[in-house]
Amino acid sequence: MTRQVYVNGAFVGEAEAKVSVFDRGFLMADGVYEVTSVLGGKLLDFQGHCVRLSRSLAELDITNPHSDAEWLALFRQAVALNAVVDGMVYLQVTRGNPGDRDFAYPNPPVPPTVVIFTQSKLGLAENPAALAGWKVISVPDIRWGRRDIKTVQLLYPSMAKMAAKAAHVDDAWLVEDGMVTEGTSNNAYIVKGNRIITRQLSHDILHGITRAAVLRFAREAQMEIEERPFTIAEAQSADEAFITSASAFVTPVIEVDGAPVGHGKAGPLALRLREIYLEEMRKSAI
Ligand code: PDD
């Protein structure tokens with residue numbers, strides 16, 4: 001089956017899905033994106049992703065080209081056309097194609113470029129590697145200062161993932177001023193007893209949609225939450241560690257820079273949170 005991709009108003013076969021070389025997403029990384037998970041053919045936390053999309057676009061003065069209801073219809077069409085059972089919907093909105101290269105934003109603005117494609121990953125929620133837990137290394141966080149905007153500037157996260165691959169581990173945690181900011185494409189947490197510690201929201205990290213849901217479920221399950229930065233040494237001596245993202249849900253972290261976390265196995269609190277998260281998300285999926 002040829003994958004059907006949405007580009008600026010129509011679904012076309014992936015080979016026909018094209019944008020201009022003058023698109024500011026291509027030339028300037030001037031665009032934002034969202035990754036929404038699909039389980040059982042339904043969208044997880046769609047509303048959360050819509051709210052963050054609007055915020056990212058507003059921060060960059062790009063007009064949101066669609067209402068939430070229109071986005072929902074397009075996402076559902078993408079899922080249906082591609083018969084996605086488990087997987088992801090990827091959405092990218094850029095400042096569009098001004099027809100030439102110029103640092104200044106086009107004035108008047110041109111229509112934003114919209115691309116939606118799907119990735120099928122059957123059994124996404126049952127991934128055994130995720131249940132076994134990830135090993136991570138730390139690398140310096142040299143990204144720009146507005147990580148709360150979900151831009152398509154993903155070169156440094158890609159480089160950090162390559163460093164992780166070269167070190168034969170699963171991912172990298174980014175460290176700034178001696179403190180962990182987040183993972184390359186996920187939010188980072190440690191656990192001490194019944195307390196979950198994760199960096200507070202600011203311009204320094206992406207405001208994870210999974211993070212918001214997981215912290216809500218953790219509070220409801222009487223777990224304590226402390227929002228503050230932590231160090232790599234603290235992670236290495238924690239009882240557990242884990243990450244959250246739309247595509248990895250809650251995934252335990254079992255090793256940081258070569259040192260086992262806790263017993264070096266997926267921790268019970270992280271596994272419990274993963275279970276609760278998946279159960280609640282499946283219930284509210286649309
Ligand atoms: N990444 N931090 C960063 C830097 C991210 O790129 C992501 C998401 C997150 C977690 O956010 P959420 O829970 O809303 O997915 C945190 C997506 C999944 C990606 O780039 O594929």
# chains A, B, ... in the order shown; residues from 1 in each chain; ligands from 1
call {"tool": "residues_near_ligand", "arguments": {"ligand": "ligand 1", "cutoff": "6 Å", "atoms": "only C-alpha atoms and all ligand atoms", "output": "JSON, numbers by chain"}}
result
{"A": [35, 184, 185, 186, 187, 206, 208, 209, 210, 211, 244, 245, 246, 247]}
call {"tool": "write_last_selection", "arguments": {"atoms": "all heavy atoms", "output": "short mmCIF file (atom, residue, chain, number, x, y, z; two decimals), in the first residue's frame"}}
result
data_model
loop_
_atom_site.label_atom_id
_atom_site.label_comp_id
_atom_site.auth_asym_id
_atom_site.auth_seq_id
_atom_site.Cartn_x
_atom_site.Cartn_y
_atom_site.Cartn_z
N VAL A 35 4.04 15.16 17.23
CA VAL A 35 3.95 13.71 17.04
C VAL A 35 2.85 13.21 17.97
O VAL A 35 2.94 13.37 19.18
CB VAL A 35 5.28 13.02 17.38
CG1 VAL A 35 5.14 11.50 17.27
CG2 VAL A 35 6.40 13.51 16.48
N THR A 184 16.96 13.55 24.54
CA THR A 184 17.05 14.10 23.18
C THR A 184 15.66 14.35 22.60
O THR A 184 15.46 15.31 21.86
CB THR A 184 17.77 13.13 22.23
OG1 THR A 184 17.08 11.87 22.26
CG2 THR A 184 19.21 12.91 22.63
N SER A 185 14.70 13.46 22.92
CA SER A 185 13.34 13.62 22.39
C SER A 185 12.32 13.14 23.42
O SER A 185 11.32 12.53 23.08
CB SER A 185 13.18 12.85 21.08
OG SER A 185 13.37 11.46 21.32
N ASN A 186 12.61 13.45 24.69
CA ASN A 186 11.72 13.01 25.78
C ASN A 186 12.04 13.80 27.04
O ASN A 186 13.10 14.42 27.13
CB ASN A 186 11.90 11.50 26.01
CG ASN A 186 13.36 11.10 26.04
OD1 ASN A 186 14.11 11.50 26.92
ND2 ASN A 186 13.79 10.33 25.04
N ASN A 187 11.15 13.76 28.00
CA ASN A 187 11.40 14.39 29.31
C ASN A 187 12.00 13.35 30.25
O ASN A 187 11.72 12.16 30.13
CB ASN A 187 10.10 14.97 29.86
CG ASN A 187 9.62 16.17 29.06
OD1 ASN A 187 8.57 16.13 28.42
ND2 ASN A 187 10.38 17.25 29.05
N LEU A 206 11.10 21.14 26.52
CA LEU A 206 9.79 21.04 25.87
C LEU A 206 8.75 20.66 26.92
O LEU A 206 9.02 19.81 27.78
CB LEU A 206 9.82 19.97 24.77
CG LEU A 206 8.53 19.94 23.97
CD1 LEU A 206 8.44 21.15 23.03
CD2 LEU A 206 8.39 18.66 23.17
N GLY A 208 6.29 18.62 27.69
CA GLY A 208 5.80 17.35 27.16
C GLY A 208 4.31 17.15 27.45
O GLY A 208 3.85 17.37 28.57
N ILE A 209 3.61 16.70 26.44
CA ILE A 209 2.19 16.39 26.61
C ILE A 209 2.07 15.12 27.47
O ILE A 209 1.19 15.01 28.32
CB ILE A 209 1.52 16.19 25.22
CG1 ILE A 209 1.67 17.46 24.37
CG2 ILE A 209 0.05 15.81 25.38
CD1 ILE A 209 1.19 18.72 25.02
N THR A 210 2.99 14.19 27.25
CA THR A 210 3.00 12.96 28.06
C THR A 210 3.36 13.30 29.51
O THR A 210 2.78 12.75 30.44
CB THR A 210 4.02 11.96 27.48
OG1 THR A 210 3.92 11.99 26.07
CG2 THR A 210 3.77 10.55 27.98
N ARG A 211 4.31 14.23 29.68
CA ARG A 211 4.71 14.68 31.02
C ARG A 211 3.50 15.17 31.81
O ARG A 211 3.29 14.76 32.96
CB ARG A 211 5.76 15.80 30.89
CG ARG A 211 6.24 16.41 32.20
CD ARG A 211 7.09 17.64 31.92
NE ARG A 211 7.69 18.20 33.12
CZ ARG A 211 7.06 19.01 33.97
NH1 ARG A 211 5.79 19.32 33.76
NH2 ARG A 211 7.68 19.47 35.05
N THR A 244 9.61 10.15 29.45
CA THR A 244 8.27 10.11 28.83
C THR A 244 8.30 10.82 27.49
O THR A 244 9.01 11.81 27.30
CB THR A 244 7.20 10.81 29.70
OG1 THR A 244 7.51 12.21 29.81
CG2 THR A 244 7.08 10.21 31.08
N SER A 245 7.55 10.29 26.55
CA SER A 245 7.29 10.98 25.27
C SER A 245 6.06 10.35 24.63
O SER A 245 5.66 9.24 25.02
CB SER A 245 8.48 10.90 24.32
OG SER A 245 8.52 9.64 23.70
N ALA A 246 5.52 11.05 23.64
CA ALA A 246 4.31 10.56 22.96
C ALA A 246 4.56 9.18 22.34
O ALA A 246 3.66 8.36 22.29
CB ALA A 246 3.87 11.55 21.90
N SER A 247 5.78 8.94 21.86
CA SER A 247 6.03 7.68 21.16
C SER A 247 6.61 6.59 22.06
O SER A 247 6.47 5.41 21.77
CB SER A 247 6.95 7.92 19.97
OG SER A 247 8.08 8.65 20.35
#
call {"tool": "closest_atom_pairs", "arguments": {"of": "range 126-151 of chain A", "to": "range 272-276 of chain A", "cutoff": "12 Å", "atoms": "only C-alpha atoms", "output": "Markdown table"}}
result
| residue | atom | partner | partner_atom | distance |
| --- | --- | --- | --- | --- |
| A:Glu126 | CA | A:Glu275 | CA | 10.6 |
| A:Asn127 | CA | A:Arg274 | CA | 12.0 |
| A:Ala130 | CA | A:Arg274 | CA | 10.0 |
| A:Leu131 | CA | A:Arg274 | CA | 9.1 |
| A:Gly133 | CA | A:Arg274 | CA | 11.7 |
call {"tool": "write_last_selection", "arguments": {"atoms": "N, CA, C and O atoms", "output": "PDB file, in the first residue's frame"}}
result
ATOM      1  N   GLU A 126       3.561  -2.483  23.260  1.00  0.00           N
ATOM      2  CA  GLU A 126       4.072  -3.731  23.864  1.00  0.00           C
ATOM      3  C   GLU A 126       5.563  -3.926  23.583  1.00  0.00           C
ATOM      4  O   GLU A 126       6.098  -5.024  23.763  1.00  0.00           O
ATOM      5  N   ASN A 127       6.221  -2.874  23.098  1.00  0.00           N
ATOM      6  CA  ASN A 127       7.640  -2.936  22.746  1.00  0.00           C
ATOM      7  C   ASN A 127       8.499  -3.500  23.893  1.00  0.00           C
ATOM      8  O   ASN A 127       8.650  -2.864  24.931  1.00  0.00           O
ATOM      9  N   ALA A 130      11.289  -1.352  25.404  1.00  0.00           N
ATOM     10  CA  ALA A 130      10.841  -0.290  26.296  1.00  0.00           C
ATOM     11  C   ALA A 130      10.628  -0.837  27.701  1.00  0.00           C
ATOM     12  O   ALA A 130      10.958  -0.188  28.698  1.00  0.00           O
ATOM     13  N   LEU A 131      10.093  -2.036  27.796  1.00  0.00           N
ATOM     14  CA  LEU A 131       9.832  -2.625  29.115  1.00  0.00           C
ATOM     15  C   LEU A 131      11.134  -2.996  29.822  1.00  0.00           C
ATOM     16  O   LEU A 131      11.236  -2.922  31.049  1.00  0.00           O
ATOM     17  N   GLY A 133      13.874  -1.358  29.599  1.00  0.00           N
ATOM     18  CA  GLY A 133      14.509  -0.117  30.037  1.00  0.00           C
ATOM     19  C   GLY A 133      15.651   0.299  29.136  1.00  0.00           C
ATOM     20  O   GLY A 133      16.253  -0.521  28.451  1.00  0.00           O
TER      21      GLY A 133
END
call {"tool": "atom_distance", "arguments": {"atom1": "CA of Val84 in chain A", "atom2": "CA of Lys121 in chain A"}}
result
8.2 Å
call {"tool": "select_by_dssp", "arguments": {"residues": "range 188-278 of chain A", "states": "strand (DSSP E)", "output": "ChimeraX atom specification"}}
result
/A:188-192,195-198,224-227,240-245,249-256,259-260
call {"tool": "residues_around", "arguments": {"residues": "Arg101 in chain A", "least_positions_apart": "3", "cutoff": "10 Å", "atoms": "only C-alpha atoms", "output": "number ranges by chain"}}
result
A: 21-24, 27-28, 97-98, 104-106
call {"tool": "write_last_selection", "arguments": {"atoms": "N, CA and C atoms", "output": "PDB file, in the first residue's frame"}}
result
ATOM      1  N   VAL A  21      11.747  24.084  -2.656  1.00  0.00           N
ATOM      2  CA  VAL A  21      13.093  24.286  -2.096  1.00  0.00           C
ATOM      3  C   VAL A  21      13.177  25.634  -1.381  1.00  0.00           C
ATOM      4  N   PHE A  22      12.237  26.555  -1.671  1.00  0.00           N
ATOM      5  CA  PHE A  22      12.244  27.856  -1.010  1.00  0.00           C
ATOM      6  C   PHE A  22      11.410  27.856   0.274  1.00  0.00           C
ATOM      7  N   ASP A  23      10.860  26.698   0.630  1.00  0.00           N
ATOM      8  CA  ASP A  23      10.070  26.638   1.862  1.00  0.00           C
ATOM      9  C   ASP A  23      10.966  26.995   3.041  1.00  0.00           C
ATOM     10  N   ARG A  24      10.471  27.839   3.940  1.00  0.00           N
ATOM     11  CA  ARG A  24      11.301  28.279   5.069  1.00  0.00           C
ATOM     12  C   ARG A  24      11.563  27.147   6.067  1.00  0.00           C
ATOM     13  N   LEU A  27      14.797  25.815   4.345  1.00  0.00           N
ATOM     14  CA  LEU A  27      15.960  26.716   4.358  1.00  0.00           C
ATOM     15  C   LEU A  27      16.345  27.195   5.758  1.00  0.00           C
ATOM     16  N   MET A  28      15.339  27.372   6.645  1.00  0.00           N
ATOM     17  CA  MET A  28      15.602  28.049   7.928  1.00  0.00           C
ATOM     18  C   MET A  28      15.179  27.224   9.152  1.00  0.00           C
ATOM     19  N   ASN A  97       6.321  29.157   1.818  1.00  0.00           N
ATOM     20  CA  ASN A  97       7.241  29.357   0.700  1.00  0.00           C
ATOM     21  C   ASN A  97       7.115  30.777   0.155  1.00  0.00           C
ATOM     22  N   PRO A  98       8.074  31.665   0.517  1.00  0.00           N
ATOM     23  CA  PRO A  98       8.003  33.042   0.023  1.00  0.00           C
ATOM     24  C   PRO A  98       8.500  33.168  -1.417  1.00  0.00           C
ATOM     25  N   ALA A 104      14.397  37.742   6.566  1.00  0.00           N
ATOM     26  CA  ALA A 104      13.164  38.364   7.093  1.00  0.00           C
ATOM     27  C   ALA A 104      11.956  37.503   6.753  1.00  0.00           C
ATOM     28  N   TYR A 105      10.995  37.494   7.670  1.00  0.00           N
ATOM     29  CA  TYR A 105       9.745  36.784   7.393  1.00  0.00           C
ATOM     30  C   TYR A 105       9.059  37.455   6.202  1.00  0.00           C
ATOM     31  N   PRO A 106       8.369  36.686   5.361  1.00  0.00           N
ATOM     32  CA  PRO A 106       7.636  37.314   4.257  1.00  0.00           C
ATOM     33  C   PRO A 106       6.568  38.277   4.775  1.00  0.00           C
TER      34      PRO A 106
END
call {"tool": "residues_around", "arguments": {"residues": "range 59-68 of chain A", "least_positions_apart": "4", "cutoff": "12 Å", "atoms": "only C-alpha atoms", "output": "JSON, numbers by chain"}}
result
{"A": [8, 9, 24, 29, 30, 31, 32, 46, 47, 48, 49, 50, 51, 52, 53, 54, 55, 72, 73, 74, 75, 92, 93, 94, 95, 96, 105, 106, 107, 108, 109, 110, 111, 112, 113, 114, 115, 146, 147, 148, 149, 150, 151, 203]}
call {"tool": "closest_residue", "arguments": {"among": "A:Val256, A:Ala78, A:Leu91, A:Val5", "to": "Thr36 in chain A", "atoms": "only C-alpha atoms"}}
result
A:Leu91
